[in-house]
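For reference, target_28.txt (compact mmCIF, C-alpha atoms):
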# COMPACT_ATOMS: atom_id res chain seq x y z
CA MET A 235 17.73 -8.60 25.62
CA ARG A 236 20.69 -6.41 24.66
CA LYS A 237 22.04 -9.10 22.30
CA TYR A 238 18.58 -9.45 20.75
CA LYS A 239 18.36 -5.69 20.21
CA ILE A 240 21.83 -5.61 18.62
CA PHE A 241 20.80 -8.49 16.36
CA LEU A 242 17.61 -6.72 15.28
CA LYS A 243 19.46 -3.45 14.71
CA THR A 244 21.99 -5.27 12.52
CA LEU A 245 19.18 -6.74 10.44
CA LEU A 246 17.59 -3.30 10.18
CA THR A 247 20.84 -1.81 8.92
CA VAL A 248 21.07 -4.50 6.26
CA ASN A 249 17.48 -3.82 5.22
CA ILE A 250 17.66 -0.05 4.96
CA LEU A 251 21.06 0.66 3.50
CA PHE A 252 21.29 1.73 -0.10
CA VAL A 253 22.52 -1.07 -2.34
CA LEU A 254 25.67 -0.16 -4.28
CA VAL A 255 26.72 -2.48 -7.07
CA VAL A 256 30.05 -2.16 -8.88
CA ALA A 257 30.31 -3.32 -12.49
CA GLY A 258 34.09 -3.67 -12.15
CA LEU A 259 36.32 -5.55 -9.73
CA GLY A 260 39.16 -3.05 -9.59
CA TYR A 261 37.54 -0.29 -7.57
CA ARG A 262 39.58 1.24 -4.76
CA ALA A 263 39.58 -0.33 -1.30
CA GLU A 264 38.47 2.92 0.30
CA GLN A 265 35.40 2.92 -1.95
CA ARG A 266 34.42 -0.48 -0.59
CA GLU A 267 34.39 1.06 2.87
CA LYS A 268 32.24 3.97 1.73
CA LYS A 269 29.43 4.79 4.15
CA ILE A 270 26.01 4.60 2.55
CA ALA A 271 23.12 6.70 3.79
CA GLU A 272 19.68 5.44 4.66
CA VAL A 273 16.56 6.37 2.74
CA ASN A 274 15.09 9.90 2.93
CA ASN A 275 18.58 11.11 3.87
CA THR A 276 17.56 10.23 7.43
CA LEU A 277 16.45 13.77 8.16
CA GLU A 278 19.04 15.82 6.34
CA THR A 279 20.91 18.00 8.81
CA ARG A 280 20.99 21.73 8.21
CA ALA A 281 23.65 22.72 10.74
CA GLU A 282 27.20 22.79 9.35
CA ASP A 283 30.55 22.46 11.15
CA GLY A 284 28.83 21.63 14.44
CA LYS A 285 26.74 24.80 14.41
CA ASN A 286 23.00 25.05 14.70
CA GLU A 287 22.58 28.43 13.08
CA ILE A 288 20.16 29.34 10.32
CA PRO A 289 22.07 29.19 7.01
CA ALA A 290 22.90 32.67 5.76
CA LYS A 291 21.16 32.05 2.45
CA GLU A 292 17.80 31.78 4.21
CA GLU A 293 15.75 34.90 4.76
CA THR A 294 14.29 35.35 8.25
CA LEU A 295 10.75 36.63 8.30
CA GLY A 296 9.55 37.90 11.64
CA GLY A 297 6.68 40.08 12.73
CA ASN A 298 3.19 40.15 11.33
CA THR A 299 1.61 36.88 10.26
CA ALA A 300 0.30 38.56 7.13
CA ALA A 301 3.88 39.03 5.93
CA TRP A 302 4.22 35.26 5.70
CA LYS A 303 1.37 34.77 3.26
CA LYS A 304 2.49 33.05 0.08
CA THR A 305 0.84 33.87 -3.25
CA THR A 306 0.62 30.97 -5.65
CA SER A 307 -1.04 30.28 -8.96
CA GLY A 308 -1.58 26.59 -8.19
CA ASP A 309 -4.43 24.84 -6.47
CA SER A 310 -3.28 24.67 -2.84
CA LYS A 311 -6.41 22.83 -1.68
CA THR A 312 -6.35 24.59 1.69
CA GLY A 313 -9.58 24.16 3.60
CA ASP A 314 -9.83 20.56 2.42
CA LYS A 315 -9.96 17.89 5.09
CA VAL A 316 -7.30 15.19 5.33
CA VAL A 317 -6.35 12.59 7.93
CA PRO A 318 -3.06 13.38 9.73
CA VAL A 319 -1.18 10.11 10.21
CA GLY A 320 2.33 10.16 11.71
CA GLN A 321 2.99 6.43 11.32
CA THR A 322 6.49 5.20 10.50
CA VAL A 323 6.61 3.03 7.38
CA GLY A 324 9.18 1.18 5.33
CA ILE A 325 9.96 2.78 1.98
CA TYR A 326 11.14 0.99 -1.16
CA ILE A 327 11.81 3.00 -4.31
CA ASN A 328 12.92 2.00 -7.80
CA THR A 329 14.97 4.54 -9.72
CA ASN A 330 13.78 5.61 -13.17
CA GLY A 331 16.70 4.07 -14.99
CA ILE A 332 19.92 2.74 -13.47
CA LEU A 333 21.67 5.57 -11.64
CA VAL A 334 25.41 6.01 -12.14
CA ILE A 335 27.02 6.92 -8.81
CA ASP A 336 30.68 6.99 -9.84
CA THR A 337 33.33 5.43 -12.05
CA GLY A 338 36.45 3.55 -10.98
CA GLU A 339 39.39 1.43 -12.02
CA VAL A 340 39.35 -2.10 -13.39
CA THR A 341 42.31 -4.45 -13.77
CA ASP A 342 42.78 -6.19 -17.11
CA MET A 343 44.20 -9.65 -17.80
CA ALA A 344 47.74 -8.26 -17.90
CA GLY A 345 47.37 -6.66 -14.47
CA GLU A 346 47.13 -3.13 -15.86
CA LYS A 347 44.67 -0.71 -14.28
CA THR A 348 42.41 1.41 -16.45
CA THR A 349 39.25 3.54 -16.15
CA PRO A 350 37.18 2.78 -19.27
CA ALA A 351 34.07 4.74 -18.23
CA LYS A 352 35.80 7.81 -16.77
CA ASN A 353 34.60 11.12 -18.31
CA LYS A 354 32.14 9.15 -20.41
CA LEU A 355 29.51 8.01 -17.92
CA MET A 356 28.97 10.71 -15.28
CA PRO A 357 27.64 10.62 -11.71
CA GLY A 358 23.94 11.41 -11.95
CA ASP A 359 23.46 9.74 -15.35
CA TYR A 360 20.56 7.30 -15.67
CA ILE A 361 21.31 4.32 -17.91
CA VAL A 362 18.15 3.28 -19.76
CA SER A 363 19.51 1.01 -22.49
CA LEU A 364 22.59 -0.92 -23.60
CA ASN A 365 23.22 -1.61 -27.30
CA GLY A 366 19.59 -0.76 -27.97
CA GLU A 367 18.18 -3.12 -25.34
CA LYS A 368 16.17 -1.63 -22.48
CA MET A 369 17.83 -1.88 -19.07
CA GLN A 370 15.67 -1.75 -15.95
CA THR A 371 17.78 -3.46 -13.29
CA LYS A 372 21.44 -3.34 -12.28
CA LYS A 373 21.53 -7.13 -12.35
CA LYS A 374 20.56 -7.24 -16.01
CA LEU A 375 23.02 -4.44 -16.84
CA ILE A 376 25.95 -6.16 -15.13
CA GLU A 377 25.15 -9.47 -16.82
CA ALA A 378 25.05 -7.75 -20.23
CA ILE A 379 28.42 -6.06 -19.61
CA THR A 380 30.04 -9.23 -18.28
CA ASN A 381 28.92 -11.27 -21.30
CA CYS A 382 29.61 -8.67 -24.03
CA ASN A 383 32.49 -10.67 -25.59
CA GLY A 384 34.61 -7.55 -25.85
CA GLN A 385 32.29 -5.67 -28.17
CA ASP A 386 31.99 -1.90 -27.72
CA LEU A 387 29.10 -0.97 -25.47
CA LEU A 388 26.66 1.77 -26.45
CA PHE A 389 24.91 3.11 -23.35
CA GLY A 390 21.61 4.96 -23.75
CA VAL A 391 21.76 7.61 -21.03
CA ARG A 392 19.41 10.24 -19.67
CA ARG A 393 21.63 13.10 -18.53
CA LYS A 394 19.52 15.74 -16.84
CA GLU A 395 16.69 16.19 -19.37
CA GLU A 396 18.63 15.10 -22.45
CA PHE A 397 18.98 11.61 -23.94
CA ILE A 398 22.46 10.79 -25.24
CA GLU A 399 24.38 7.71 -26.32
CA VAL A 400 27.79 6.99 -24.82
CA LYS A 401 30.26 4.45 -26.24
CA VAL A 402 32.52 2.62 -23.78
CA GLU A 403 35.12 -0.02 -24.60
CA PRO A 404 34.92 -2.83 -22.03
CA VAL A 405 37.99 -4.32 -20.39
CA GLN A 406 38.54 -8.06 -20.16
CA THR A 407 39.17 -8.93 -16.50
CA GLY A 408 38.90 -12.70 -16.64
CA THR A 409 37.97 -15.60 -18.88
CA ASP A 410 34.81 -14.53 -20.73
CA GLU A 411 34.42 -11.65 -18.27
CA TYR A 412 34.34 -7.94 -19.05
CA LYS A 413 33.96 -4.83 -16.91
CA VAL A 414 33.59 -1.07 -17.40
CA GLY A 415 34.13 0.11 -13.81
CA ILE A 416 30.93 1.86 -12.77
CA TRP A 417 29.03 2.13 -9.50
CA VAL A 418 25.28 1.90 -10.06
CA ARG A 419 22.05 1.86 -8.07
CA ASP A 420 18.50 0.92 -9.08
CA ASP A 421 16.62 1.02 -5.78
CA LEU A 422 16.72 2.15 -2.17
CA GLN A 423 15.06 1.26 1.11
CA GLY A 424 14.54 2.76 4.54
CA LEU A 425 12.19 4.34 7.08
CA GLY A 426 10.02 7.45 6.90
CA THR A 427 6.73 8.85 8.18
CA VAL A 428 3.38 9.29 6.43
CA THR A 429 2.15 12.87 6.89
CA TYR A 430 -1.46 12.68 5.72
CA VAL A 431 -4.01 10.66 3.80
CA ASP A 432 -6.45 12.43 1.47
CA ASP A 433 -9.14 9.99 0.37
CA ASN A 434 -6.97 7.19 -1.08
CA THR A 435 -3.77 9.21 -1.59
CA PHE A 436 -0.92 9.97 0.81
CA GLY A 437 1.91 12.45 1.29
CA ALA A 438 5.03 11.59 3.28
CA LEU A 439 8.51 12.77 4.38
CA GLY A 440 8.09 16.49 3.71
CA HIS A 441 11.33 16.61 1.71
CA SER A 442 12.68 14.87 -1.33
CA ILE A 443 14.76 11.71 -1.37
CA ASN A 444 18.14 12.71 -2.77
CA ASP A 445 20.99 10.47 -3.82
CA THR A 446 23.66 10.50 -1.14
CA ASP A 447 26.58 10.49 -3.55
CA THR A 448 25.44 12.92 -6.25
CA GLY A 449 23.15 15.07 -4.09
CA ASN A 450 20.54 15.06 -6.83
CA LEU A 451 16.83 14.41 -6.36
CA LEU A 452 16.26 10.76 -7.27
CA GLU A 453 14.12 10.14 -10.31
CA VAL A 454 11.83 7.25 -9.44
CA SER A 455 9.74 4.87 -11.50
CA GLY A 456 7.61 3.73 -8.58
CA GLY A 457 7.84 1.88 -5.32
CA GLU A 458 5.93 0.88 -2.23
CA ILE A 459 5.48 1.78 1.42
CA TYR A 460 5.35 -1.07 3.93
CA ALA A 461 4.09 -1.61 7.45
CA ALA A 462 7.06 -1.33 9.83
CA ASP A 463 7.62 -3.04 13.17
CA ILE A 464 9.12 -0.40 15.46
CA PHE A 465 10.91 -1.83 18.51
CA GLY A 466 12.76 1.13 19.97
CA VAL A 467 14.31 4.58 19.67
CA GLU A 468 17.94 5.62 19.93
CA LYS A 469 17.75 9.02 21.61
CA GLY A 470 19.29 12.05 19.97
CA SER A 471 22.05 14.09 21.61
CA ALA A 472 24.25 17.04 20.66
CA GLY A 473 26.14 16.10 17.50
CA SER A 474 24.30 12.81 17.09
CA PRO A 475 20.67 12.79 15.96
CA GLY A 476 18.91 9.67 17.18
CA GLU A 477 16.92 7.23 15.11
CA ILE A 478 13.83 5.08 15.17
CA GLU A 479 14.76 1.40 15.33
CA GLY A 480 12.55 -1.09 13.58
CA MET A 481 12.14 -3.99 11.19
CA ILE A 482 10.66 -3.94 7.70
CA ALA A 483 9.57 -7.12 5.96
CA TYR A 484 9.48 -6.23 2.27
CA GLU A 485 6.75 -8.70 1.42
CA THR A 486 3.58 -8.23 -0.61
CA GLU A 487 1.26 -8.72 2.35
CA ASN A 488 2.93 -5.81 4.16
CA VAL A 489 2.44 -3.27 1.38
CA VAL A 490 0.29 -0.34 2.55
CA GLY A 491 0.77 2.02 -0.39
CA GLU A 492 2.15 2.55 -3.88
CA ILE A 493 4.62 5.39 -4.50
CA ASP A 494 3.87 7.52 -7.55
CA GLY A 495 6.50 10.24 -7.25
CA ASN A 496 9.41 11.83 -5.41
CA GLN A 497 9.15 15.62 -5.31
CA LEU A 498 10.94 18.53 -3.64
CA TYR A 499 8.69 18.35 -0.57
CA GLY A 500 8.06 14.65 -0.20
CA ILE A 501 6.89 11.43 -1.77
CA TYR A 502 3.28 10.74 -2.63
CA GLY A 503 1.10 7.94 -3.92
CA THR A 504 -1.97 5.82 -3.21
CA ILE A 505 -2.76 3.70 -0.16
CA THR A 506 -4.08 0.15 -0.06
CA ASP A 507 -7.51 -0.89 1.15
CA SER A 508 -5.93 -2.41 4.25
CA PHE A 509 -4.28 0.89 5.22
CA GLN A 510 -7.52 2.73 4.47
CA LYS A 511 -9.33 0.47 6.93
CA GLU A 512 -6.59 0.94 9.52
CA ILE A 513 -7.08 4.72 9.61
CA GLU A 514 -10.81 4.92 8.95
CA GLY A 515 -11.48 5.70 12.59
CA GLU A 516 -9.03 8.63 12.62
CA LYS A 517 -10.45 12.15 12.52
CA ALA A 518 -10.00 14.25 9.38
CA VAL A 519 -8.91 17.86 9.94
CA GLU A 520 -8.76 20.99 7.78
CA VAL A 521 -5.64 21.88 5.86
CA ALA A 522 -4.39 25.31 6.96
CA SER A 523 -2.95 27.92 4.63
CA VAL A 524 0.37 29.58 5.43
CA ASP A 525 -1.27 32.82 6.60
CA GLU A 526 -3.39 30.90 9.15
CA VAL A 527 -0.29 29.65 11.00
CA GLU A 528 0.65 31.43 14.22
CA MET A 529 3.91 31.66 16.13
CA GLY A 530 3.84 29.69 19.35
CA LYS A 531 2.29 26.44 20.45
CA ALA A 532 1.66 23.59 18.02
CA TYR A 533 1.81 19.79 18.11
CA ILE A 534 3.63 16.94 16.39
CA GLN A 535 1.51 13.82 15.86
CA SER A 536 3.56 10.63 16.05
CA TRP A 537 3.31 6.90 16.72
CA VAL A 538 6.92 6.74 17.93
CA SER A 539 5.77 5.52 21.37
CA GLY A 540 3.77 2.68 19.81
CA GLU A 541 0.46 4.57 19.86
CA ARG A 542 -0.80 7.83 18.42
CA GLN A 543 0.23 10.80 20.56
CA LEU A 544 0.31 14.58 20.24
CA TYR A 545 3.54 16.18 21.45
CA GLU A 546 3.80 19.90 22.16
CA ILE A 547 6.25 22.05 20.21
CA GLU A 548 6.85 25.78 19.67
CA ILE A 549 7.01 27.48 16.29
CA VAL A 550 9.84 29.92 17.00
CA ASN A 551 10.41 31.47 13.57
CA LEU A 552 9.81 31.28 9.83
CA HIS A 553 12.45 31.34 7.13
CA LYS A 554 12.64 31.27 3.38
CA ASN A 555 14.67 28.29 2.26
CA GLU A 556 17.00 28.07 -0.73
CA HIS A 557 14.01 27.39 -2.98
CA GLY A 558 12.25 30.58 -1.89
CA ASP A 559 9.55 28.73 0.07
CA LEU A 560 8.62 29.37 3.67
CA GLU A 561 9.40 26.80 6.35
CA MET A 562 9.00 26.71 10.11
CA GLU A 563 11.73 26.57 12.70
CA ILE A 564 10.37 24.46 15.54
CA MET A 565 11.42 23.45 19.06
CA VAL A 566 10.23 20.37 20.91
CA THR A 567 8.97 21.35 24.37
CA ASP A 568 7.05 18.20 25.31
CA GLU A 569 8.87 16.47 28.17
CA ASN A 570 7.42 13.08 27.23
CA LEU A 571 8.83 13.24 23.70
CA ILE A 572 12.16 14.57 24.97
CA ALA A 573 12.37 11.68 27.43
CA LEU A 574 11.52 9.21 24.67
CA THR A 575 13.60 10.50 21.77
CA GLY A 576 15.64 13.49 22.92
CA GLY A 577 13.72 15.60 20.39
CA ILE A 578 13.53 14.99 16.64
CA VAL A 579 15.14 11.76 15.45
CA GLN A 580 15.81 10.11 12.12
CA GLY A 581 12.69 8.41 10.83
CA MET A 582 10.38 11.19 12.09
CA SER A 583 10.69 13.05 8.81
CA GLY A 584 7.12 13.63 7.64
CA SER A 585 5.50 13.70 11.09
CA PRO A 586 2.41 15.94 10.84
CA ILE A 587 2.37 19.31 12.63
CA LEU A 588 -1.00 20.55 13.87
CA GLN A 589 -2.16 23.87 15.28
CA ASN A 590 -5.64 25.04 16.30
CA GLY A 591 -7.10 21.76 15.12
CA ARG A 592 -5.69 22.13 11.59
CA LEU A 593 -2.87 20.36 9.76
CA ILE A 594 -0.24 23.01 9.08
CA GLY A 595 2.90 21.12 8.07
CA ALA A 596 5.37 18.25 8.42
CA VAL A 597 8.67 17.81 10.23
CA THR A 598 11.58 17.75 7.76
CA HIS A 599 14.96 18.38 9.38
CA VAL A 600 16.77 18.33 12.70
CA PHE A 601 19.60 20.49 14.04
CA VAL A 602 22.69 18.33 14.56
CA GLU A 603 23.81 20.01 17.76
CA GLU A 604 20.33 20.63 19.17
CA PRO A 605 18.01 17.67 18.52
CA LYS A 606 15.14 19.52 20.22
CA LYS A 607 15.18 21.94 17.27
CA GLY A 608 14.35 21.40 13.65
CA TYR A 609 12.43 22.55 10.59
CA GLY A 610 9.03 21.86 9.13
CA ILE A 611 7.56 22.54 5.70
CA PHE A 612 4.04 23.92 5.34
CA VAL A 613 1.51 21.34 4.22
CA GLU A 614 0.11 23.90 1.76
CA THR A 615 3.51 24.02 0.06
CA MET A 616 3.84 20.25 0.26
CA ARG A 617 0.50 19.67 -1.47
CA GLU A 618 1.07 22.37 -4.10
CA ASN A 619 4.24 20.53 -5.02
CA VAL A 620 2.24 17.36 -5.68
CA VAL A 621 -0.36 19.25 -7.74
CA GLN A 622 2.39 20.79 -9.89
CA ALA A 623 4.00 17.39 -10.40
CA ALA A 624 0.66 15.89 -11.47
CA ASN A 625 0.19 18.67 -14.03

Would you mind writing the file out in structure tokens?
Amino acid sequence: MRKYKIFLKTLLTVNILFVLVVAGLGYRAEQREKKIAEVNNTLETRAEDGKNEIPAKEETLGGNTAAWKKTTSGDSKTGDKVVPVGQTVGIYINTNGILVIDTGEVTDMAGEKTTPAKNKLMPGDYIVSLNGEKMQTKKKLIEAITNCNGQDLLFGVRRKEEFIEVKVEPVQTGTDEYKVGIWVRDDLQGLGTVTYVDDNTFGALGHSINDTDTGNLLEVSGGEIYAADIFGVEKGSAGSPGEIEGMIAYETENVVGEIDGNQLYGIYGTITDSFQKEIEGEKAVEVASVDEVEMGKAYIQSWVSGERQLYEIEIVNLHKNEHGDLEMEIMVTDENLIALTGGIVQGMSGSPILQNGRLIGAVTHVFVEEPKKGYGIFVETMRENVVQAAN
């Protein structure tokens, strides 16, 4: 059984690691050993240097509930009814353009090392064309570079919000083979949790998917969520957040939703008819506004045990994050969840938080040194973010 579990975990790791492709054979050995993060940043950790303190840049708001009320000009849609979900799914996202992660060395035919793309293509650039031809996949890009016959390459690049053209002289590295020495990415895969379904749309994760290497929010052109086969949980402990262990078959018949966007407080999109039927028996609840949330008892809804369960937590404080939005500091108090997971584990990002029969938020982060503690974003803020993106 142990060997089988190790085998499945190995397959899972292969499935959910980011794919890094190097358009150059001369990159450094230490870069080949570079650790690559799983999708959704696997519950980004807030604690630094082994601490579990609130970052100094966050403002603590205690006292009267009324002081927490957030004024917005958008349509928050509080009072609407949605279905809280809490199911772990596989996530597959395509980047909007081919993301440049880094540049490196290549070795020419004479054995000389050079860095043709350095200070020309920058980490965070999105390559959208090459010599006027549209580029949508890293495979097509690498083939075009390899077969360029030594001609200068004109990259069409989206850098932040500006489109620019960058000329790079390729280096011949073999017979009829050319390289420019760039690390690129055009997709990513992993596990996350669906927070809610509203009619035929969904919200998930509760935080953005950021590129591990550049730290920037990934610009996506679409993607899918898939049914996931969860077979276990690696419990969290001090200094080592646990993780949900499962298998994802990225096949058409397993698609349960289409991803439309990646925003500051989560991904969103539309669900399939099959997923709609799967949750049609689940009860819809009201969406709470920030000022309706109370300190104290609340619940996380999760399928981490293999069936839908509510697990008791405490809302112990509220803070303003670096974006100026309120978020909850939470503590897991449910002994069943602690026995199962040790607290909050990777893959639970997006788990719905309920209080007084209303959906109030989603789990987003875990403390490294105290896996029973973490953060949650308000669902009102999460949904406003989607509305703003749609407009």

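The gap separating CA of Gly324 in chain A from CA of Ala462 in chain A is 5.6 Å, in Å to one decimal.
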
Expressed in Å, the length from CA of Gly338 in chain A to CA of Phe397 in chain A is 23.2 Å

**Asked** Pick the closest to Asp559 in chain A from A:Phe509, A:Tyr499, A:Phe389, A:Trp417: which is it, counting all atoms listed in the file?
**Response**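 Comparing A:Phe509, A:Tyr499, A:Phe389, A:Trp417 against Asp559 in chain A, the winner is A:Tyr499.
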
Point-to-point distance from CA of His599 in chain A to CA of Ser583 in chain A, Å rounded to tenths: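 Separating CA of His599 in chain A from CA of Ser583 in chain A is a distance of 6.9 Å.
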
Taking all atoms of range 323-336 of chain A that the file lists and extending 3 Å past them on each side, where is the centre of the axis-aligned box and how long are its edges? Answer in Å to one decimal, as JSON.
{"center_x": 18.6, "center_y": 4.0, "center_z": -3.8, "size_x": 30.1, "size_y": 12.0, "size_z": 28.4}

Min atom-atom distance to Tyr533 in chain A from the set A:Asp568, A:Asp463, A:Glu556, A:Glu516, counting all atoms listed in the file, belongs to A:Asp568

Using only C-alpha atoms, list the residues that have an atom at most 7 Å from (14.9, 9.2, -18.1), coordinates as in the file, as an MDAnalysis selection string.
chainID A and resid 330:331 360 362 392

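You can rank A:Val490, A:Val527, A:Leu355, A:Val579 by their closest distance to Glu468 in chain A using all atoms listed in the file, and at the top of that list sits A:Val579.
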
*asked:* Is it possible to get the residues within 9 Å of (4.1, 16.6, 10.8) (coordinates as in the file, counting only C-alpha atoms) written as a count of residues only?
replied: 29

What's the 12 Å shell around Asp342 in chain A, counting all atoms listed in the file, without same-chain residues fewer than 5 positions away, as a list in words?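 Result of the neighbour search: Gly258, Leu259, Gly260, Lys347, Thr348, Thr349, Pro350, Pro404, Val405, Gln406, Thr407, Gly408, Thr409, Glu411, Tyr412, Lys413, Val414 and Gly415 of chain A.
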
Query raised in the report: Do you know which residues are at most 12 Å from Glu399 in chain A counting all atoms listed in the file, after dropping those on the same chain fewer than 3 positions away, and could you put them as a list in words?
Result: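 Surrounding residues, per the criterion: Lys354, Leu355, Asp359, Tyr360, Ile361, Val362, Ser363, Leu364, Asn365, Gly366, Leu387, Leu388, Phe389, Gly390, Val391, Arg392, Arg393, Glu396 and Val402 of chain A.
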
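Remark: for Leu574 in chain A, the closest of the candidate residues A:Glu477, A:Asp433, A:Asp445, A:Asp386 is A:Glu477 (distances computed over all atoms listed in the file).
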